[in-house]
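First the structure, in the form of structure tokens, and then the observations on it.
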Amino acid sequence: MTWLAGADGLRATAAVMVFVHHASFLTFAMYNSAAGGIFARLDYGVAIFFALSAFLLGRPYVGAILDGEPLPEVGSYYRRRILRIVPAYWVALTLTYVWLRPESATEAKGIDFPLHYLLLQIYPGDTFPKGISPAWTLAVEASFYAVLPLLALGGARLVRGLAGPSRRALALLGAIGVLAILSLVWRSVVYGRGGPYQAALWLPGTFCEFALGLAAAVLVMWAARREAPRVVTGALGRHDLLWWVLAAGLIAFSASQIGLERGLDHANWSRELFGELTRLGVAGLMLLPVAFGPPDRGVIRRMLRSWPVGPLGVASYGFFLWHVPLIEVALRWTDHEMFLAGEWETGIGILSSAVWWPVLVAFLLSVVAGALSWFLIEKPIIRSHRYKGSTVRRSEPPIVVQAAP
């Protein structure tokens, strides 16, 4: 298996962002602190997961399309995807139902169980919280995994009559752009009509976030074959710290300036559209140092490869699966109720032990759970099934196939 430097660190960063977002919601710090707006917007970590996944998985397909070669074998691709996400998810989901029993999971009945196990929980209106609630993102990822070979087949047919990698790359970028615009239109219609809001979570409503990664994959693979795009990729990879500073600025801007709601509520369609655009901006900017530029240069790239950021990224899938149930467990263990009910009225602040102590306990438990998931479930499966990437030609950057959500 070939690893892309910084990818694990970016995955860890996104996982921590999502953890803080959910911890602030489950303690109600999101609504009772001056930083609540920032906490609410840390859900942008989900968009980072989507963009990174599309970038990592899209490169083998893009390379084959640009060279006019056969696409990667579909059967082995689906097998790798299933083995990468399903076993660890099923273990975490089962133990969530029978052991941890967070409040939302206890409401599951009948059809809710197979919908969650089959990653179909985003399609009914009220099912997705009744299990591992953040796993709705896995349902979206699974739908992207399912259609990626079909998208690649369509892309190959689209450029079949075009000569050379440059013309093919430009055609692919144009097609990705059109699909991203249609995704934004879908999202605008959902919010403009007042629902059903779960339709915004379906792949048509989230595809623009995957489109970021696919577009980056096209640029990288094109630059590996022609000189002209290297000017662009070189410029994009030159300023890793600048891109992350701009991303932080966008998070702060969207937290205070465009009137987005916090938690599970929705604003009007125009504000939600602006929110999606800022989400795309943050995800794209944070992906740039990983997708482009020398992996051993720059403050951000060194941070992403450092300890403990890189190792946390390796275990980030299990960390992600377990963190919300464990936040509820930590609240119970530290003798607090969900949302710190009644405690905010006593004058506690964000620095109160009533807030940070259960959050710290939950974080440490999530790290341990992520490590156990990696060493006991994910890594043995990867090894036993010879989970290997595609053969890499010398003219290409290494292809990463271990794109865990």
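Ligands are numbered from 1 in the order shown, residues from 1 within each chain, and chains are lettered A, B, ... in the order they appear in the structure tokens.
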
- Item | Selection: 10 Å around stretch 143-150 of chain A, only C-alpha atoms, excl. self and same-chain fewer than 4 positions, as a PyMOL selection string | chain A and resi 50+53-54+57-58+61+71-74+77-78+81-82+119-120+137-139+154-156+202-204+206-207+210

Writer output for current selection, N, CA and C atoms, as a PDB file, in the first residue's frame:
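What follows is the written file selection-v4.pdb:
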```pdb
ATOM      1  N   PHE A  50     -14.989  14.249   2.736  1.00  0.00           N
ATOM      2  CA  PHE A  50     -15.519  13.951   1.399  1.00  0.00           C
ATOM      3  C   PHE A  50     -14.516  14.325   0.305  1.00  0.00           C
ATOM      4  N   SER A  53     -11.454  11.964   0.381  1.00  0.00           N
ATOM      5  CA  SER A  53     -11.813  10.640  -0.117  1.00  0.00           C
ATOM      6  C   SER A  53     -11.881  10.632  -1.638  1.00  0.00           C
ATOM      7  N   ALA A  54     -12.532  11.639  -2.214  1.00  0.00           N
ATOM      8  CA  ALA A  54     -12.649  11.704  -3.670  1.00  0.00           C
ATOM      9  C   ALA A  54     -11.285  11.882  -4.328  1.00  0.00           C
ATOM     10  N   LEU A  57      -9.362   8.364  -3.998  1.00  0.00           N
ATOM     11  CA  LEU A  57      -9.946   7.286  -4.791  1.00  0.00           C
ATOM     12  C   LEU A  57     -10.052   7.637  -6.272  1.00  0.00           C
ATOM     13  N   GLY A  58     -10.091   8.924  -6.570  1.00  0.00           N
ATOM     14  CA  GLY A  58     -10.299   9.321  -7.958  1.00  0.00           C
ATOM     15  C   GLY A  58      -9.058   9.239  -8.822  1.00  0.00           C
ATOM     16  N   TYR A  61      -8.558   6.301 -11.409  1.00  0.00           N
ATOM     17  CA  TYR A  61      -9.500   6.407 -12.530  1.00  0.00           C
ATOM     18  C   TYR A  61      -9.102   7.538 -13.466  1.00  0.00           C
ATOM     19  N   LEU A  71     -10.034   1.094 -17.321  1.00  0.00           N
ATOM     20  CA  LEU A  71     -10.267   1.557 -15.962  1.00  0.00           C
ATOM     21  C   LEU A  71      -9.922   0.458 -14.960  1.00  0.00           C
ATOM     22  N   PRO A  72      -9.573   0.831 -13.715  1.00  0.00           N
ATOM     23  CA  PRO A  72      -9.288  -0.180 -12.693  1.00  0.00           C
ATOM     24  C   PRO A  72     -10.435  -1.170 -12.543  1.00  0.00           C
ATOM     25  N   GLU A  73     -10.108  -2.383 -12.181  1.00  0.00           N
ATOM     26  CA  GLU A  73     -11.090  -3.462 -12.083  1.00  0.00           C
ATOM     27  C   GLU A  73     -12.119  -3.151 -10.994  1.00  0.00           C
ATOM     28  N   VAL A  74     -13.390  -3.261 -11.350  1.00  0.00           N
ATOM     29  CA  VAL A  74     -14.465  -2.807 -10.475  1.00  0.00           C
ATOM     30  C   VAL A  74     -14.660  -3.732  -9.279  1.00  0.00           C
ATOM     31  N   TYR A  77     -12.206  -3.167  -6.517  1.00  0.00           N
ATOM     32  CA  TYR A  77     -12.454  -1.845  -5.922  1.00  0.00           C
ATOM     33  C   TYR A  77     -13.587  -1.924  -4.908  1.00  0.00           C
ATOM     34  N   TYR A  78     -14.719  -2.527  -5.285  1.00  0.00           N
ATOM     35  CA  TYR A  78     -15.846  -2.626  -4.352  1.00  0.00           C
ATOM     36  C   TYR A  78     -15.487  -3.495  -3.145  1.00  0.00           C
ATOM     37  N   ARG A  81     -13.475  -1.402  -0.731  1.00  0.00           N
ATOM     38  CA  ARG A  81     -14.295  -0.392  -0.052  1.00  0.00           C
ATOM     39  C   ARG A  81     -15.147  -1.031   1.039  1.00  0.00           C
ATOM     40  N   ILE A  82     -15.743  -2.167   0.729  1.00  0.00           N
ATOM     41  CA  ILE A  82     -16.590  -2.836   1.720  1.00  0.00           C
ATOM     42  C   ILE A  82     -15.760  -3.279   2.918  1.00  0.00           C
ATOM     43  N   LEU A 119     -26.418   1.131   5.796  1.00  0.00           N
ATOM     44  CA  LEU A 119     -26.031   2.501   5.457  1.00  0.00           C
ATOM     45  C   LEU A 119     -27.070   3.171   4.556  1.00  0.00           C
ATOM     46  N   LEU A 120     -28.316   2.989   4.929  1.00  0.00           N
ATOM     47  CA  LEU A 120     -29.425   3.611   4.208  1.00  0.00           C
ATOM     48  C   LEU A 120     -30.184   4.588   5.100  1.00  0.00           C
ATOM     49  N   THR A 137     -22.680  10.280   7.436  1.00  0.00           N
ATOM     50  CA  THR A 137     -21.641  10.605   6.463  1.00  0.00           C
ATOM     51  C   THR A 137     -21.114   9.353   5.775  1.00  0.00           C
ATOM     52  N   LEU A 138     -21.108   8.217   6.491  1.00  0.00           N
ATOM     53  CA  LEU A 138     -20.709   6.960   5.859  1.00  0.00           C
ATOM     54  C   LEU A 138     -21.704   6.548   4.789  1.00  0.00           C
ATOM     55  N   ALA A 139     -22.991   6.820   5.042  1.00  0.00           N
ATOM     56  CA  ALA A 139     -24.006   6.512   4.032  1.00  0.00           C
ATOM     57  C   ALA A 139     -23.766   7.331   2.771  1.00  0.00           C
ATOM     58  N   GLY A 154     -18.390   7.109 -17.426  1.00  0.00           N
ATOM     59  CA  GLY A 154     -18.941   8.240 -18.179  1.00  0.00           C
ATOM     60  C   GLY A 154     -17.862   9.206 -18.609  1.00  0.00           C
ATOM     61  N   GLY A 155     -16.887   9.460 -17.729  1.00  0.00           N
ATOM     62  CA  GLY A 155     -15.790  10.349 -18.094  1.00  0.00           C
ATOM     63  C   GLY A 155     -14.954   9.790 -19.229  1.00  0.00           C
ATOM     64  N   ALA A 156     -14.707   8.479 -19.196  1.00  0.00           N
ATOM     65  CA  ALA A 156     -13.925   7.855 -20.265  1.00  0.00           C
ATOM     66  C   ALA A 156     -14.632   7.972 -21.609  1.00  0.00           C
ATOM     67  N   TRP A 202     -28.260  13.585   0.671  1.00  0.00           N
ATOM     68  CA  TRP A 202     -28.049  12.562  -0.340  1.00  0.00           C
ATOM     69  C   TRP A 202     -26.908  12.981  -1.252  1.00  0.00           C
ATOM     70  N   LEU A 203     -26.380  12.044  -2.020  1.00  0.00           N
ATOM     71  CA  LEU A 203     -25.227  12.343  -2.867  1.00  0.00           C
ATOM     72  C   LEU A 203     -25.455  13.523  -3.805  1.00  0.00           C
ATOM     73  N   PRO A 204     -26.630  13.672  -4.431  1.00  0.00           N
ATOM     74  CA  PRO A 204     -26.810  14.865  -5.274  1.00  0.00           C
ATOM     75  C   PRO A 204     -26.634  16.178  -4.512  1.00  0.00           C
ATOM     76  N   THR A 206     -24.586  16.611  -1.874  1.00  0.00           N
ATOM     77  CA  THR A 206     -23.234  16.719  -1.321  1.00  0.00           C
ATOM     78  C   THR A 206     -22.145  16.513  -2.373  1.00  0.00           C
ATOM     79  N   PHE A 207     -22.533  16.280  -3.620  1.00  0.00           N
ATOM     80  CA  PHE A 207     -21.536  15.925  -4.623  1.00  0.00           C
ATOM     81  C   PHE A 207     -20.515  17.031  -4.839  1.00  0.00           C
ATOM     82  N   PHE A 210     -17.417  16.315  -2.974  1.00  0.00           N
ATOM     83  CA  PHE A 210     -16.586  15.300  -3.625  1.00  0.00           C
ATOM     84  C   PHE A 210     -15.941  15.863  -4.896  1.00  0.00           C
TER      85      PHE A 210
END
```

- Proximity to A:Gln198 - best of A:Arg271, A:Arg167, A:Arg230, A:His266, only C-alpha atoms: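 Between A:Arg271, A:Arg167, A:Arg230, A:His266, the residue approaching A:Gln198 most closely is A:His266.
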
- Task: Calculate how many Å separate atom CA of A:Phe28 from atom CA of A:His336, rounding to one decimal.
- Result: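 Calculated distance between atom CA of A:Phe28 and atom CA of A:His336 is 12.1 Å.
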
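Among the candidate residues A:Ala224, A:Ala216, A:Leu288, A:Ala34, the one lying nearest to A:Arg301 is A:Leu288, with distances computed using only C-alpha atoms.
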
- Item | Distance query A:Glu107 at most 12 Å, only C-alpha atoms, self and fewer than 2 positions along chain excluded, as a PyMOL selection string | chain A and resi 97+101-105+109-113+126-133

Could you take the residues named above and write them with C-alpha atoms, as a PDB file, in the first residue's frame?
```pdb
ATOM      1  CA  TYR A  97     -26.907  -0.649  20.439  1.00  0.00           C
ATOM      2  CA  ARG A 101     -26.779   2.740  24.401  1.00  0.00           C
ATOM      3  CA  PRO A 102     -26.668   6.502  23.793  1.00  0.00           C
ATOM      4  CA  GLU A 103     -30.031   8.226  24.037  1.00  0.00           C
ATOM      5  CA  SER A 104     -30.711   8.462  20.297  1.00  0.00           C
ATOM      6  CA  ALA A 105     -29.862   4.776  19.727  1.00  0.00           C
ATOM      7  CA  LYS A 109     -37.180   0.321  16.345  1.00  0.00           C
ATOM      8  CA  GLY A 110     -37.914  -2.187  13.597  1.00  0.00           C
ATOM      9  CA  ILE A 111     -36.741  -0.877  10.244  1.00  0.00           C
ATOM     10  CA  ASP A 112     -34.251   1.517  11.862  1.00  0.00           C
ATOM     11  CA  PHE A 113     -31.819  -1.340  12.543  1.00  0.00           C
ATOM     12  CA  ASP A 126     -36.118  10.543  11.037  1.00  0.00           C
ATOM     13  CA  THR A 127     -33.876   7.469  11.073  1.00  0.00           C
ATOM     14  CA  PHE A 128     -30.300   8.740  10.829  1.00  0.00           C
ATOM     15  CA  PRO A 129     -29.866   9.748  14.518  1.00  0.00           C
ATOM     16  CA  LYS A 130     -31.049   6.334  15.771  1.00  0.00           C
ATOM     17  CA  GLY A 131     -27.714   4.577  15.856  1.00  0.00           C
ATOM     18  CA  ILE A 132     -24.278   6.123  15.414  1.00  0.00           C
ATOM     19  CA  SER A 133     -25.616   9.494  14.380  1.00  0.00           C
TER      20      SER A 133
END
```

- Top pick for closest residue to A:Leu304, considering A:Glu261, A:Glu227, A:Asp240, A:Glu337 and counting only C-alpha atoms: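 Nearest candidate to A:Leu304 out of A:Glu261, A:Glu227, A:Asp240, A:Glu337: A:Asp240.
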
Taking only residues of stretch 271-323 of chain A that have an atom at most 9 Å from an atom of stretch 361-381 of chain A, what is each one's shortest atom pair and its distance in Å to one decimal, using only C-alpha atoms, in chain and number order, as a Markdown table?
```
| residue | atom | partner | partner_atom | distance |
| --- | --- | --- | --- | --- |
| A:Leu312 | CA | A:Val367 | CA | 7.5 |
| A:Val314 | CA | A:Trp374 | CA | 7.6 |
| A:Ala315 | CA | A:Gly370 | CA | 5.0 |
| A:Ser316 | CA | A:Gly370 | CA | 6.2 |
| A:Tyr317 | CA | A:Gly370 | CA | 6.7 |
| A:Gly318 | CA | A:Gly370 | CA | 3.9 |
| A:Phe319 | CA | A:Gly370 | CA | 4.1 |
| A:Phe320 | CA | A:Gly370 | CA | 7.5 |
| A:Leu321 | CA | A:Gly370 | CA | 8.0 |
| A:Trp322 | CA | A:Ser366 | CA | 6.0 |
| A:His323 | CA | A:Ser366 | CA | 5.1 |
```

- Query: Closest to A:Ile38 among A:Pro289, A:Gly249, A:Pro70, A:Gly177, using only C-alpha atoms?
  - Reply: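 Answer, going by the shortest atom-to-atom distance: A:Gly249.
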
- For atom CA of A:Arg80 and atom CA of A:Leu214, determine how far apart the two atoms are, in Å to one decimal place. 19.4 Å

Selection near A:Gly37, 9 Å with only C-alpha atoms, sequence-local residues under 2 positions removed, as a tab-separated table (two decimals) with N, CA and C atoms, in the first residue's frame:
```
chain	number	residue	atom	x	y	z
A	30	MET	N	-22.25	24.91	22.43
A	30	MET	CA	-22.51	25.54	21.14
A	30	MET	C	-23.49	26.70	21.27
A	31	TYR	N	-24.37	26.64	22.26
A	31	TYR	CA	-25.41	27.65	22.42
A	31	TYR	C	-25.14	28.58	23.60
A	33	SER	N	-21.84	29.73	24.74
A	33	SER	CA	-20.50	30.31	24.83
A	33	SER	C	-20.28	31.25	23.65
A	34	ALA	N	-19.35	32.18	23.85
A	34	ALA	CA	-19.03	33.14	22.79
A	34	ALA	C	-18.45	32.45	21.56
A	35	ALA	N	-17.84	31.30	21.77
A	35	ALA	CA	-17.25	30.55	20.66
A	35	ALA	C	-18.24	29.60	20.01
A	39	PHE	N	-17.81	26.68	17.02
A	39	PHE	CA	-18.07	25.26	17.26
A	39	PHE	C	-19.07	24.70	16.24
A	40	ALA	N	-20.10	25.49	15.95
A	40	ALA	CA	-21.13	25.04	15.02
A	40	ALA	C	-20.57	24.81	13.62
A	41	ARG	N	-19.62	25.62	13.23
A	41	ARG	CA	-19.08	25.51	11.88
A	41	ARG	C	-17.95	24.50	11.74
A	42	LEU	N	-17.55	23.89	12.84
A	42	LEU	CA	-16.52	22.85	12.73
A	42	LEU	C	-17.06	21.58	12.09
A	252	ALA	N	-14.40	31.52	10.58
A	252	ALA	CA	-14.81	32.64	11.44
A	252	ALA	C	-15.86	33.50	10.76
A	254	SER	N	-18.06	32.57	8.38
A	254	SER	CA	-19.34	31.88	8.28
A	254	SER	C	-19.99	31.70	9.65
A	255	ALA	N	-19.17	31.75	10.73
A	255	ALA	CA	-19.71	31.60	12.07
A	255	ALA	C	-20.45	32.84	12.54
A	256	SER	N	-20.16	33.98	11.91
A	256	SER	CA	-20.70	35.23	12.46
A	256	SER	C	-21.38	36.14	11.47
A	260	LEU	N	-26.12	31.66	9.72
A	260	LEU	CA	-26.43	30.24	9.75
A	260	LEU	C	-26.91	29.83	11.13
A	261	GLU	N	-27.78	28.84	11.17
A	261	GLU	CA	-28.26	28.32	12.45
A	261	GLU	C	-27.23	27.36	13.04
A	262	ARG	N	-27.37	27.10	14.32
A	262	ARG	CA	-26.49	26.15	15.00
A	262	ARG	C	-27.23	24.84	15.23
```
